[in-house]
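Pasting coords_12.csv here (CSV, C-alpha atoms and all ligand atoms):
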chain,number,residue,atom,x,y,z
A,38,MET,CA,-21.2,31.2,-19.8
A,39,LEU,CA,-19.2,34.5,-20.0
A,40,LYS,CA,-15.7,34.5,-18.5
A,41,LYS,CA,-13.2,37.4,-18.4
A,42,ILE,CA,-9.7,36.0,-19.0
A,43,ASN,CA,-6.2,37.4,-19.5
A,44,VAL,CA,-5.4,37.9,-23.2
A,45,LYS,CA,-2.3,35.7,-22.8
A,46,ASP,CA,-4.6,32.7,-22.1
A,47,ILE,CA,-6.7,33.0,-25.3
A,48,LYS,CA,-6.4,30.2,-27.9
A,49,GLN,CA,-7.7,29.2,-31.3
A,50,GLY,CA,-11.2,27.7,-31.0
A,51,MET,CA,-12.5,30.1,-28.3
A,52,TYR,CA,-15.4,32.4,-29.0
A,53,LEU,CA,-14.5,36.0,-28.3
A,54,GLN,CA,-17.5,37.8,-26.9
A,55,GLU,CA,-15.9,41.2,-26.2
A,56,ILE,CA,-12.5,42.8,-26.1
A,57,CYS,CA,-11.9,44.8,-22.9
A,58,GLY,CA,-10.6,48.0,-24.5
A,59,SER,CA,-11.7,50.7,-26.8
A,60,TRP,CA,-11.8,49.8,-30.5
A,61,MET,CA,-9.1,52.4,-31.3
A,62,GLN,CA,-6.6,50.1,-29.7
A,63,HIS,CA,-7.0,47.1,-32.0
A,64,PRO,CA,-7.9,46.4,-35.6
A,65,PHE,CA,-11.0,44.3,-35.0
A,66,TRP,CA,-14.2,46.3,-35.7
A,67,LYS,CA,-16.5,43.3,-34.9
A,68,LYS,CA,-17.6,43.0,-31.3
A,69,SER,CA,-17.9,39.2,-31.1
A,70,PHE,CA,-16.3,36.5,-33.3
A,71,ALA,CA,-14.9,33.0,-33.2
A,72,LEU,CA,-11.1,32.8,-32.9
A,73,THR,CA,-10.4,30.6,-35.8
A,74,ASP,CA,-7.3,32.3,-37.2
A,75,PRO,CA,-4.0,31.9,-35.3
A,76,LYS,CA,-3.0,35.3,-36.7
A,77,ASP,CA,-5.9,36.9,-34.8
A,78,VAL,CA,-4.7,35.3,-31.5
A,79,LYS,CA,-1.2,36.8,-32.1
A,80,THR,CA,-2.6,40.3,-33.0
A,81,LEU,CA,-4.8,40.4,-29.9
A,82,GLN,CA,-1.9,39.4,-27.7
A,83,GLU,CA,0.4,42.0,-29.1
A,84,CYS,CA,-1.9,45.1,-29.4
A,85,GLY,CA,-1.8,46.1,-25.8
A,86,ILE,CA,-5.2,44.7,-24.8
A,87,HIS,CA,-5.1,43.0,-21.4
A,88,GLU,CA,-8.4,41.1,-21.0
A,89,VAL,CA,-11.2,39.7,-23.1
A,90,TRP,CA,-14.6,38.1,-22.4
A,91,ILE,CA,-15.1,34.7,-23.9
A,92,ASP,CA,-18.4,32.7,-24.3
A,93,THR,CA,-17.7,29.1,-23.3
A,94,GLY,CA,-21.1,28.1,-24.7
A,95,LYS,CA,-20.0,29.0,-28.2
A,96,GLY,CA,-16.3,28.0,-28.1
A,97,LEU,CA,-13.5,26.4,-26.2
A,98,ASP,CA,-13.2,27.0,-22.4
A,99,ILE,CA,-10.1,27.9,-20.5
A,100,GLU,CA,-7.9,25.3,-18.7
A,101,ALA,CA,-9.1,24.6,-15.2
A,102,ILE,CA,-6.0,26.2,-13.7
A,103,VAL,CA,-6.3,29.5,-15.5
A,104,HIS,CA,-8.0,32.3,-13.5
A,105,ALA,CA,-11.2,33.7,-15.0
A,106,GLU,CA,-13.5,36.4,-13.7
A,107,SER,CA,-17.2,35.9,-13.7
A,108,GLU,CA,-19.8,38.5,-14.7
A,109,GLU,CA,-20.7,39.0,-11.0
A,110,GLU,CA,-17.1,39.6,-9.9
A,111,SER,CA,-16.6,42.0,-12.7
A,112,SER,CA,-19.8,44.0,-12.0
A,113,ARG,CA,-18.8,44.2,-8.3
A,114,LYS,CA,-15.4,45.6,-9.2
A,115,VAL,CA,-16.9,48.2,-11.6
A,116,ALA,CA,-19.4,49.3,-8.9
A,117,ASP,CA,-16.6,49.7,-6.4
A,118,ASN,CA,-14.5,51.6,-8.9
A,119,LEU,CA,-17.4,54.0,-9.7
A,120,GLN,CA,-18.3,54.3,-6.0
A,121,THR,CA,-14.7,55.7,-5.4
A,122,ALA,CA,-15.5,58.5,-7.7
A,123,ASN,CA,-18.8,59.3,-5.9
A,124,SER,CA,-17.3,61.7,-3.4
A,125,ASP,CA,-16.9,65.5,-3.4
A,126,VAL,CA,-19.5,65.7,-6.1
A,127,LYS,CA,-19.0,68.5,-8.7
A,128,PRO,CA,-20.0,72.1,-8.2
A,129,VAL,CA,-23.6,73.2,-9.1
A,130,PRO,CA,-23.9,74.6,-12.6
A,131,ARG,CA,-24.7,78.3,-12.7
A,132,ILE,CA,-27.7,77.9,-15.0
A,133,SER,CA,-29.9,75.0,-15.9
A,134,LEU,CA,-29.3,72.7,-18.8
A,135,GLN,CA,-32.4,73.9,-20.6
A,136,GLU,CA,-31.4,77.5,-20.3
A,137,GLU,CA,-27.9,76.9,-21.8
A,138,VAL,CA,-28.9,74.6,-24.7
A,139,ALA,CA,-29.8,77.3,-27.2
A,140,GLN,CA,-26.6,79.2,-26.6
A,141,ALA,CA,-24.5,76.0,-26.6
A,142,ARG,CA,-26.0,74.9,-29.9
A,143,LYS,CA,-25.0,78.2,-31.6
A,144,ILE,CA,-21.4,77.9,-30.3
A,145,HIS,CA,-21.3,74.2,-31.3
A,146,GLY,CA,-22.4,75.0,-34.8
A,147,LYS,CA,-19.8,77.7,-35.2
A,148,ALA,CA,-17.0,75.5,-33.8
A,149,ALA,CA,-18.0,72.6,-36.1
A,150,GLN,CA,-17.8,74.8,-39.1
A,151,ALA,CA,-14.5,76.4,-38.1
A,152,VAL,CA,-12.8,73.0,-37.3
A,153,THR,CA,-14.1,71.4,-40.5
A,154,SER,CA,-12.6,74.1,-42.7
A,155,MET,CA,-9.4,74.3,-40.7
A,156,PHE,CA,-8.9,70.5,-41.0
A,157,GLN,CA,-9.8,70.4,-44.6
A,158,GLU,CA,-7.2,73.0,-45.4
A,159,ALA,CA,-4.7,71.0,-43.4
A,160,ARG,CA,-5.5,68.0,-45.6
A,161,MET,CA,-4.6,70.1,-48.6
A,162,GLY,CA,-1.3,70.8,-47.1
A,163,LYS,CA,-2.0,74.4,-45.9
A,164,ALA,CA,-0.8,75.7,-42.6
A,165,LEU,CA,-3.3,75.6,-39.7
A,166,GLN,CA,-5.1,78.9,-39.1
A,167,LEU,CA,-5.6,78.9,-35.3
A,168,VAL,CA,-6.7,82.5,-34.6
A,169,GLU,CA,-10.4,82.0,-35.1
A,170,ILE,CA,-10.3,78.8,-33.2
A,171,VAL,CA,-8.8,80.4,-30.1
A,172,THR,CA,-11.9,82.7,-29.8
A,173,LEU,CA,-14.2,79.7,-30.2
A,174,VAL,CA,-12.4,77.8,-27.4
A,175,ASP,CA,-13.1,80.8,-25.2
A,176,GLU,CA,-16.8,80.6,-26.0
A,177,ILE,CA,-16.9,76.9,-25.3
A,178,ASN,CA,-15.1,77.5,-22.0
A,179,LEU,CA,-17.8,80.0,-21.0
A,180,SER,CA,-20.6,77.7,-22.0
A,181,ILE,CA,-19.2,74.9,-19.9
A,182,SER,CA,-18.8,77.3,-17.0
A,183,ARG,CA,-22.5,78.1,-17.2
A,184,ASN,CA,-23.6,74.5,-17.6
A,185,PRO,CA,-21.2,71.7,-18.8
A,186,GLU,CA,-24.0,69.3,-19.7
A,187,ALA,CA,-25.5,71.4,-22.4
A,188,PHE,CA,-22.5,71.5,-24.7
A,189,LEU,CA,-21.4,68.0,-23.8
A,190,SER,CA,-24.8,66.6,-24.7
A,191,LEU,CA,-24.7,68.3,-28.1
A,192,SER,CA,-21.2,67.0,-28.7
A,193,ARG,CA,-22.5,63.5,-28.9
A,194,LEU,CA,-24.4,64.1,-32.2
A,195,LYS,CA,-22.2,63.0,-35.0
A,196,ASN,CA,-22.4,61.1,-38.3
A,197,LYS,CA,-19.8,59.2,-40.3
A,198,ASP,CA,-18.9,62.2,-42.5
A,199,ASN,CA,-18.3,64.7,-39.8
A,200,TYR,CA,-17.0,62.4,-37.1
A,201,THR,CA,-13.4,63.5,-36.9
A,202,TYR,CA,-14.3,67.2,-36.8
A,203,LEU,CA,-17.0,66.9,-34.2
A,204,HIS,CA,-15.0,64.4,-32.2
A,205,SER,CA,-12.3,67.2,-32.0
A,206,VAL,CA,-14.9,69.7,-30.8
A,207,ALA,CA,-16.2,67.2,-28.2
A,208,VAL,CA,-12.7,66.4,-26.9
A,209,CYS,CA,-12.1,70.1,-26.6
A,210,ALA,CA,-15.2,70.5,-24.4
A,211,LEU,CA,-14.4,67.4,-22.4
A,212,MET,CA,-10.8,68.6,-21.6
A,213,ILE,CA,-12.1,71.9,-20.4
A,214,ALA,CA,-14.9,70.3,-18.3
A,215,LEU,CA,-12.4,67.8,-16.8
A,216,GLY,CA,-9.9,70.6,-16.1
A,217,LYS,CA,-12.6,72.5,-14.1
A,218,GLN,CA,-13.6,69.4,-12.2
A,219,MET,CA,-9.9,68.9,-11.3
A,220,ASN,CA,-9.7,72.6,-10.1
A,221,LEU,CA,-6.9,73.3,-12.5
A,222,ASP,CA,-5.8,76.9,-12.9
A,223,PRO,CA,-8.4,78.9,-15.0
A,224,SER,CA,-5.5,80.2,-17.1
A,225,LEU,CA,-5.0,76.6,-18.4
A,226,MET,CA,-8.6,76.2,-19.8
A,227,LYS,CA,-7.7,77.7,-23.2
A,228,ASP,CA,-4.7,75.5,-23.6
A,229,LEU,CA,-6.7,72.4,-22.6
A,230,GLY,CA,-9.4,73.3,-25.1
A,231,MET,CA,-6.9,73.8,-27.9
A,232,ALA,CA,-5.2,70.5,-27.0
A,233,GLY,CA,-8.5,68.7,-27.3
A,234,LEU,CA,-9.4,70.4,-30.5
A,235,LEU,CA,-6.1,69.6,-32.2
A,236,HIS,CA,-5.3,66.2,-30.8
A,237,ASP,CA,-6.4,64.2,-33.9
A,238,VAL,CA,-5.3,66.7,-36.6
A,239,GLY,CA,-2.9,64.1,-37.8
A,240,LYS,CA,-5.9,62.0,-39.0
A,241,MET,CA,-6.1,64.5,-41.9
A,242,MET,CA,-3.0,62.6,-43.2
A,243,VAL,CA,-4.7,59.2,-43.0
A,244,PRO,CA,-6.7,58.3,-46.2
A,245,ASP,CA,-10.5,58.4,-45.8
A,246,ASP,CA,-10.9,54.9,-47.1
A,247,ILE,CA,-8.9,53.6,-44.1
A,248,LEU,CA,-10.4,56.0,-41.5
A,249,ASN,CA,-13.9,55.0,-42.5
A,250,LYS,CA,-13.4,51.4,-43.4
A,251,PRO,CA,-16.3,49.4,-42.0
A,252,GLU,CA,-14.3,46.1,-41.8
A,253,ARG,CA,-11.3,44.9,-40.0
A,254,LEU,CA,-8.2,46.8,-40.8
A,255,SER,CA,-5.2,45.0,-42.2
A,256,ASP,CA,-2.0,45.2,-40.1
A,257,GLU,CA,-0.6,47.7,-42.6
A,258,GLU,CA,-3.7,49.9,-42.5
A,259,PHE,CA,-3.7,49.8,-38.7
A,260,THR,CA,-0.1,51.0,-38.7
A,261,VAL,CA,-1.1,53.9,-40.9
A,262,VAL,CA,-3.9,54.8,-38.4
A,263,LYS,CA,-1.5,54.6,-35.6
A,264,SER,CA,0.8,57.1,-37.3
A,265,HIS,CA,-1.7,60.0,-36.7
A,266,PRO,CA,-0.3,61.2,-33.3
A,267,LEU,CA,3.2,61.7,-34.8
A,268,GLN,CA,1.9,63.2,-38.1
A,269,GLY,CA,-0.2,65.6,-36.1
A,270,TRP,CA,2.7,66.6,-33.9
A,271,GLU,CA,4.8,67.3,-37.0
A,272,MET,CA,2.0,69.6,-38.3
A,273,LEU,CA,1.5,71.4,-35.0
A,274,LYS,CA,5.3,72.0,-34.7
A,275,LEU,CA,5.0,74.1,-37.9
A,276,SER,CA,1.8,75.9,-36.9
A,277,GLU,CA,2.0,79.3,-35.2
A,278,GLY,CA,0.0,79.5,-32.0
A,279,ALA,CA,-0.2,75.7,-31.2
A,280,GLY,CA,1.1,75.7,-27.6
A,281,ALA,CA,3.3,73.1,-25.9
A,282,MET,CA,0.2,71.4,-24.3
A,283,ALA,CA,-1.4,70.9,-27.7
A,284,LEU,CA,1.8,69.3,-29.1
A,285,ASP,CA,2.1,67.0,-26.0
A,286,VAL,CA,-1.5,65.9,-26.1
A,287,CYS,CA,-1.5,65.3,-29.8
A,288,LEU,CA,1.6,63.1,-29.6
A,289,HIS,CA,0.6,61.2,-26.5
A,290,HIS,CA,-3.1,60.8,-26.3
A,291,HIS,CA,-2.9,57.1,-27.3
A,292,GLU,CA,-0.3,56.2,-24.7
A,293,ARG,CA,-1.5,54.1,-21.7
A,294,VAL,CA,-0.4,54.4,-18.1
A,295,ASP,CA,0.9,50.8,-18.2
A,296,GLY,CA,3.2,51.6,-21.1
A,297,THR,CA,1.4,49.6,-23.8
A,298,GLY,CA,0.1,52.5,-25.8
A,299,TYR,CA,1.6,54.3,-28.8
A,300,PRO,CA,3.7,55.8,-30.3
A,301,HIS,CA,6.4,55.8,-27.6
A,302,ARG,CA,5.1,53.3,-25.0
A,303,LEU,CA,5.5,55.9,-22.3
A,304,SER,CA,4.1,54.9,-18.9
A,305,GLY,CA,3.1,56.4,-15.5
A,306,ASP,CA,4.8,59.7,-14.6
A,307,SER,CA,6.6,60.0,-17.9
A,308,LEU,CA,3.2,60.9,-19.3
A,309,SER,CA,2.1,64.5,-18.5
A,310,LEU,CA,-1.2,65.1,-16.6
A,311,PHE,CA,-2.6,66.7,-19.8
A,312,ALA,CA,-1.7,63.6,-21.9
A,313,ARG,CA,-3.4,61.4,-19.3
A,314,MET,CA,-6.5,63.7,-19.4
A,315,GLY,CA,-6.5,63.6,-23.2
A,316,ALA,CA,-6.4,59.7,-23.2
A,317,VAL,CA,-9.6,59.5,-21.1
A,318,CYS,CA,-11.5,62.2,-22.9
A,319,ASP,CA,-10.6,60.8,-26.3
A,320,VAL,CA,-11.7,57.2,-25.5
A,321,TYR,CA,-15.0,58.4,-23.9
A,322,ASP,CA,-16.0,60.4,-26.9
A,323,ALA,CA,-14.9,57.8,-29.4
A,324,ILE,CA,-17.0,55.0,-27.8
A,325,THR,CA,-20.1,57.1,-27.3
A,326,SER,CA,-20.1,58.2,-31.0
A,327,ASN,CA,-21.8,56.3,-33.8
A,328,ARG,CA,-19.3,55.2,-36.4
A,329,CYS,CA,-19.7,53.7,-39.8
A,330,TYR,CA,-18.8,50.3,-38.3
A,331,LYS,CA,-20.3,50.5,-34.9
A,332,ALA,CA,-23.1,52.2,-33.0
A,333,GLY,CA,-21.8,54.2,-30.0
A,334,TRP,CA,-22.6,53.3,-26.4
A,335,GLU,CA,-24.9,55.3,-24.2
A,336,PRO,CA,-22.8,57.5,-21.8
A,337,ALA,CA,-23.7,55.5,-18.7
A,338,GLU,CA,-22.7,52.3,-20.5
A,339,ALA,CA,-19.4,53.9,-21.7
A,340,ILE,CA,-18.5,55.0,-18.1
A,341,ARG,CA,-19.1,51.5,-16.9
A,342,LYS,CA,-17.0,50.0,-19.6
A,343,MET,CA,-14.2,52.5,-18.9
A,344,ALA,CA,-14.4,51.6,-15.2
A,345,GLU,CA,-13.9,48.0,-16.2
A,346,TRP,CA,-10.8,48.8,-18.3
A,347,GLN,CA,-9.4,51.5,-16.1
A,348,GLU,CA,-6.6,49.5,-14.6
A,349,GLY,CA,-3.5,50.0,-16.8
A,350,GLN,CA,-5.3,52.0,-19.4
A,351,PHE,CA,-6.2,55.3,-17.6
A,352,ASP,CA,-4.7,57.2,-14.7
A,353,LYS,CA,-6.9,56.4,-11.7
A,354,THR,CA,-7.2,60.0,-10.3
A,355,VAL,CA,-7.9,61.4,-13.8
A,356,PHE,CA,-10.5,58.7,-14.5
A,357,HIS,CA,-12.4,59.3,-11.2
A,358,ALA,CA,-12.4,63.1,-11.8
A,359,PHE,CA,-13.8,62.3,-15.3
A,360,VAL,CA,-16.6,60.2,-13.8
A,361,LYS,CA,-17.5,63.2,-11.6
A,362,THR,CA,-17.5,65.3,-14.7
A,363,ILE,CA,-19.8,63.1,-16.7
A,364,GLY,CA,-21.8,61.4,-13.9
A,365,ILE,CA,-22.5,57.8,-13.4
A,366,TYR,CA,-26.0,58.4,-15.0
A,367,PRO,CA,-25.3,61.4,-17.2
A,368,SER,CA,-28.2,63.6,-18.2
A,369,GLY,CA,-30.2,62.1,-21.0
A,370,THR,CA,-29.7,58.6,-19.7
A,371,LEU,CA,-32.7,56.3,-19.7
A,372,VAL,CA,-33.0,54.6,-16.3
A,373,LYS,CA,-35.2,51.9,-14.8
A,374,LEU,CA,-36.4,52.7,-11.3
A,375,LYS,CA,-37.1,50.3,-8.4
A,376,SER,CA,-40.8,51.3,-8.7
A,377,ASP,CA,-41.1,49.6,-12.2
A,378,ARG,CA,-41.0,52.9,-14.0
A,379,LEU,CA,-38.7,54.3,-16.7
A,380,ALA,CA,-37.3,57.8,-16.4
A,381,VAL,CA,-34.8,60.0,-18.1
A,382,VAL,CA,-32.1,61.8,-16.1
A,383,ILE,CA,-32.4,65.5,-16.4
A,384,GLN,CA,-30.0,66.9,-13.9
A,385,GLN,CA,-27.1,65.8,-11.7
A,386,SER,CA,-27.4,65.9,-7.9
A,387,GLU,CA,-25.3,68.0,-5.6
A,388,LYS,CA,-25.2,65.1,-3.2
A,389,SER,CA,-24.4,61.9,-5.1
A,390,LEU,CA,-23.8,60.8,-8.7
A,391,LEU,CA,-26.1,57.9,-7.9
A,392,THR,CA,-29.2,60.0,-7.2
A,393,PRO,CA,-29.8,62.5,-10.0
A,394,VAL,CA,-33.0,64.3,-10.8
A,395,VAL,CA,-35.1,62.3,-13.2
A,396,LYS,CA,-38.3,62.7,-15.2
A,397,VAL,CA,-40.6,59.6,-15.0
A,398,PHE,CA,-42.7,58.9,-18.0
A,399,PHE,CA,-43.4,55.1,-18.4
A,400,SER,CA,-44.6,52.2,-16.4
A,401,THR,CA,-42.9,48.9,-17.2
A,402,LYS,CA,-45.5,47.0,-15.1
A,403,ASN,CA,-48.4,48.2,-17.3
A,404,ASN,CA,-46.2,48.7,-20.4
A,405,ALA,CA,-47.9,52.1,-20.8
A,406,PRO,CA,-47.0,55.8,-20.5
A,407,VAL,CA,-47.7,57.6,-17.2
A,408,GLN,CA,-48.2,61.2,-16.3
A,409,THR,CA,-44.7,62.7,-16.4
A,410,GLU,CA,-43.3,63.6,-13.0
A,411,THR,CA,-39.9,65.1,-11.9
A,412,ILE,CA,-38.3,63.4,-9.0
A,413,ASP,CA,-35.2,64.3,-7.1
A,414,LEU,CA,-33.8,60.9,-6.2
A,415,ALA,CA,-31.6,62.4,-3.5
A,416,HIS,CA,-34.9,63.1,-1.6
A,417,ALA,CA,-37.1,60.2,-2.7
A,418,LYS,CA,-37.7,56.6,-1.7
A,419,ASP,CA,-37.3,55.5,-5.3
A,420,SER,CA,-33.9,54.7,-6.7
A,421,ILE,CA,-32.2,53.6,-9.9
A,422,LEU,CA,-32.0,49.9,-10.7
A,423,SER,CA,-30.2,50.1,-14.1
A,424,ALA,CA,-29.3,52.3,-17.1
A,425,GLU,CA,-31.4,51.1,-20.1
A,426,ASP,CA,-30.8,51.2,-23.8
A,427,PRO,CA,-33.4,53.7,-25.4
A,428,LEU,CA,-33.1,51.9,-28.7
A,429,LYS,CA,-34.4,48.7,-27.1
A,430,TRP,CA,-37.4,50.5,-25.7
A,431,GLY,CA,-37.9,52.6,-28.9
A,432,PHE,CA,-38.1,56.0,-27.1
A,433,ASP,CA,-36.9,59.3,-28.5
A,434,LEU,CA,-35.4,60.8,-25.4
A,435,ARG,CA,-34.5,64.1,-27.1
A,436,LYS,CA,-38.2,65.0,-27.0
A,437,LEU,CA,-38.2,64.5,-23.2
A,438,THR,CA,-35.0,66.3,-22.5
A,439,GLY,CA,-35.3,69.1,-25.0
A,440,ILE,CA,-31.7,68.6,-26.2
A,501,FE,FE,-6.2,59.9,-31.9
A,502,FE,FE,-9.3,61.2,-30.9
Output the structure of this file as structure tokens.
Ligand SMILES: [Fe+2]
Ligand SMILES: [Fe+2]
Amino acid sequence: MLKKINVKDIKQGMYLQEICGSWMQHPFWKKSFALTDPKDVKTLQECGIHEVWIDTGKGLDIEAIVHAESEEESSRKVADNLQTANSDVKPVPRISLQEEVAQARKIHGKAAQAVTSMFQEARMGKALQLVEIVTLVDEINLSISRNPEAFLSLSRLKNKDNYTYLHSVAVCALMIALGKQMNLDPSLMKDLGMAGLLHDVGKMMVPDDILNKPERLSDEEFTVVKSHPLQGWEMLKLSEGAGAMALDVCLHHHERVDGTGYPHRLSGDSLSLFARMGAVCDVYDAITSNRCYKAGWEPAEAIRKMAEWQEGQFDKTVFHAFVKTIGIYPSGTLVKLKSDRLAVVIQQSEKSLLTPVVKVFFSTKNNAPVQTETIDLAHAKDSILSAEDPLKWGFDLRKLTGI
């Protein structure tokens, strides 16, 4: 049986099913493992994680007096949290996803190239050349104004070699999209984009064998990884054209609103709005990306996980605006409908995040494809039962969505 417990109640002999927090926060790359080493218990209790799931069928249970949350209770809380975000749904994009994809792909390619060469030069100790990057951020901003989902969908495609560069491009786009969702002044978009693009520049100072290590990091290695915000900030201080927002987000994107983040353990209002936005965008992109040690989650799954961890980790208002930006069932998500059919989400609804436009293509009852059909769930009897893992079903959704 799965139980969610406070990390202070864990003990040797338990089986850890899942850590409730992103894997940038702790040195354990493995999702599930038996807690046999007392050192692991100590590390978990000191890394800023608040809760974990344990499997009482595979290891020790908690004491009867300790509070644990069941899967049902946790799911209900997540649903309530997401439901809070489901109001004042985002403005309608100016053009369709399919119309923007080709343009977005070109801009994404240019941005990927420019960021790669800029970061590689930084690794060799050269000053950051930001002029070309500023023009690209403008282009990304325009693409997102036309249709945010096109650029954001492309931003998910990464491999282990280009992860840090493409993650920077993705966080740039997410910061801009979130800023628009929060109705921030349009004059801030460029700074938001630059802040996203440069937030992890300090990783260029972390050796590749640590950044890409597929096993658990030692405490010393984890300390080196955690030095990247400060190292990046030092680099940006010396770079002409990196504004105050980029410096702030670079230094504080791993802080948490409850004060358990790093490097300065800042909390609540002592963290700027932009740093709080950076924290949400950063975690979302990291957990939806494939890494050498872990396959990324589907966007719908990532949003659910972040809703589960939100308390303490993310600013509530920023997180709810982020859910509106991405959607509860983002475009490209495979969903199961009440009518025993599978569909892929192709467009968000103007009315509710829970009723997007979907393309139906498969019957789960007959285990066979059906004639494709586009349904606007805001005006249909059918509704979404769950988000599904496309890998489990073996479908190539890119063919269906054209992204
Ligand atoms: Fe980072
Ligand atoms: Fe990051």
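The space between atom CA of Ser192 of chain A and atom CA of Glu338 of chain A spans 16.9 Å.
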Quiz item: So which residues touch Lys67 of chain A within 9 Å, counting only C-alpha atoms, skipping near sequence neighbours fewer than 4 positions away, as a list in words?
Solution: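 Residues near the query, excluding close chain neighbours: Glu55, Glu252, Arg253, Tyr330 and Lys331 of chain A.
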Dump as JSON lines the rows for residues of chain A within 9 Å of ligand FE 501 (chain A): closest atom pair and distance in Å with one decimal, all atoms listed in the file counted, ordered by chain and rising residue number.
{"residue": "A:Met61", "atom": "CA", "partner": "A:FE501", "partner_atom": "FE", "distance": 8.1}
{"residue": "A:His236", "atom": "CA", "partner": "A:FE501", "partner_atom": "FE", "distance": 6.5}
{"residue": "A:Asp237", "atom": "CA", "partner": "A:FE501", "partner_atom": "FE", "distance": 4.7}
{"residue": "A:Val238", "atom": "CA", "partner": "A:FE501", "partner_atom": "FE", "distance": 8.3}
{"residue": "A:Gly239", "atom": "CA", "partner": "A:FE501", "partner_atom": "FE", "distance": 8.0}
{"residue": "A:Lys240", "atom": "CA", "partner": "A:FE501", "partner_atom": "FE", "distance": 7.4}
{"residue": "A:Val262", "atom": "CA", "partner": "A:FE501", "partner_atom": "FE", "distance": 8.6}
{"residue": "A:Lys263", "atom": "CA", "partner": "A:FE501", "partner_atom": "FE", "distance": 8.0}
{"residue": "A:His265", "atom": "CA", "partner": "A:FE501", "partner_atom": "FE", "distance": 6.6}
{"residue": "A:Pro266", "atom": "CA", "partner": "A:FE501", "partner_atom": "FE", "distance": 6.2}
{"residue": "A:Cys287", "atom": "CA", "partner": "A:FE501", "partner_atom": "FE", "distance": 7.5}
{"residue": "A:Leu288", "atom": "CA", "partner": "A:FE501", "partner_atom": "FE", "distance": 8.7}
{"residue": "A:His289", "atom": "CA", "partner": "A:FE501", "partner_atom": "FE", "distance": 8.8}
{"residue": "A:His290", "atom": "CA", "partner": "A:FE501", "partner_atom": "FE", "distance": 6.5}
{"residue": "A:His291", "atom": "CA", "partner": "A:FE501", "partner_atom": "FE", "distance": 6.3}
{"residue": "A:Ala316", "atom": "CA", "partner": "A:FE501", "partner_atom": "FE", "distance": 8.7}
{"residue": "A:Asp319", "atom": "CA", "partner": "A:FE501", "partner_atom": "FE", "distance": 7.2}
{"residue": "A:Val320", "atom": "CA", "partner": "A:FE501", "partner_atom": "FE", "distance": 8.9}
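Nearest-residue note for ligand FE 502 (chain A): choosing from A:Thr121, A:Gln62, A:Ser304, A:Thr80, the minimum distance belongs to A:Gln62, counting all atoms listed in the file.
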Practice problem: Please provide the set of residues having any atom within 9 Å of Lys197 of chain A, restricted to only C-alpha atoms, with same-chain residues fewer than 4 positions apart removed, written as a PyMOL selection string. | Solution: chain A and resi 201+249+327-329
Quiz prompt | Gap from atom CA of Val407 of chain A to atom CA of Leu194 of chain A - Å, one decimal | solution =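 Separation between atom CA of Val407 of chain A and atom CA of Leu194 of chain A: 28.5 Å.
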Quiz item: With all atoms listed in the file as the basis for distance, which of A:Ser400, A:Ser59, A:Thr93, A:Thr392 is at the shortest distance from ligand FE 502 (chain A)?
Solution: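 Going through A:Ser400, A:Ser59, A:Thr93, A:Thr392 one by one, the smallest distance to ligand FE 502 (chain A) is for A:Ser59.
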Exercise. Dig up all the protein and nucleic acid residues within 12 Å of (-11.6, 23.9, -21.6) in the file frame, using only C-alpha atoms, and format them as a VMD selection string.
Key: chain A and resid 40 46 to 52 91 to 103 105
Practice problem: Grab the atom CA of Leu53 of chain A to atom CA of Ala71 of chain A distance for me, in Å with one decimal place. | Solution: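 Distance between the two atoms: 5.8 Å.
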Quiz item: Got a sec: who's within 9 Å of segment 150-154 of chain A, counting all atoms listed in the file, leaving out chain neighbours fewer than 2 positions off, as a list of chain:residue names?
Solution: A:His145, A:Gly146, A:Lys147, A:Ala148, A:Phe156, A:Gln157, A:Glu158, A:Ala159, A:Glu169, A:Ile170, A:Leu173, A:Asn199, A:Thr201, A:Tyr202, A:Leu203, A:Ser205, A:Val206, A:Leu234
Can you write out the residues you just picked, keeping C-alpha atoms, as a short mmCIF file (atom, residue, chain, number, x, y, z; two decimals), in the frame of the given file?
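Contents of the output file result30.cif:
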data_model
loop_
_atom_site.label_atom_id
_atom_site.label_comp_id
_atom_site.auth_asym_id
_atom_site.auth_seq_id
_atom_site.Cartn_x
_atom_site.Cartn_y
_atom_site.Cartn_z
CA HIS A 145 -21.30 74.20 -31.30
CA GLY A 146 -22.40 75.00 -34.80
CA LYS A 147 -19.80 77.70 -35.20
CA ALA A 148 -17.00 75.50 -33.80
CA PHE A 156 -8.90 70.50 -41.00
CA GLN A 157 -9.80 70.40 -44.60
CA GLU A 158 -7.20 73.00 -45.40
CA ALA A 159 -4.70 71.00 -43.40
CA GLU A 169 -10.40 82.00 -35.10
CA ILE A 170 -10.30 78.80 -33.20
CA LEU A 173 -14.20 79.70 -30.20
CA ASN A 199 -18.30 64.70 -39.80
CA THR A 201 -13.40 63.50 -36.90
CA TYR A 202 -14.30 67.20 -36.80
CA LEU A 203 -17.00 66.90 -34.20
CA SER A 205 -12.30 67.20 -32.00
CA VAL A 206 -14.90 69.70 -30.80
CA LEU A 234 -9.40 70.40 -30.50
#
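Among A:Glu345, A:Asp228, A:Asp74, A:Asp175, the residue with the shortest atom-to-atom distance to Ala281 of chain A, counting only C-alpha atoms, is A:Asp228.
Residue nearest Leu273 of chain A, chosen from A:Met38, A:Ala164, A:Ala210, A:Ile177 and counting all atoms listed in the file: A:Ala164.
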Exercise. Please provide as a PyMOL selection string all residues within 6 Å of Lys396 of chain A, with the sequence filter that same-chain residues fewer than 2 positions apart are discarded (counting only C-alpha atoms).
Key: chain A and resi 380-381+410-411
Practice problem: Would you mind listing what lies within 8 Å of Tyr366 of chain A as a list of chain:residue names, with only C-alpha atoms counted and same-chain residues fewer than 4 positions away left out? | Solution: A:Pro336, A:Ala337, A:Thr370, A:Val382, A:Leu390, A:Leu391, A:Pro393, A:Ala424
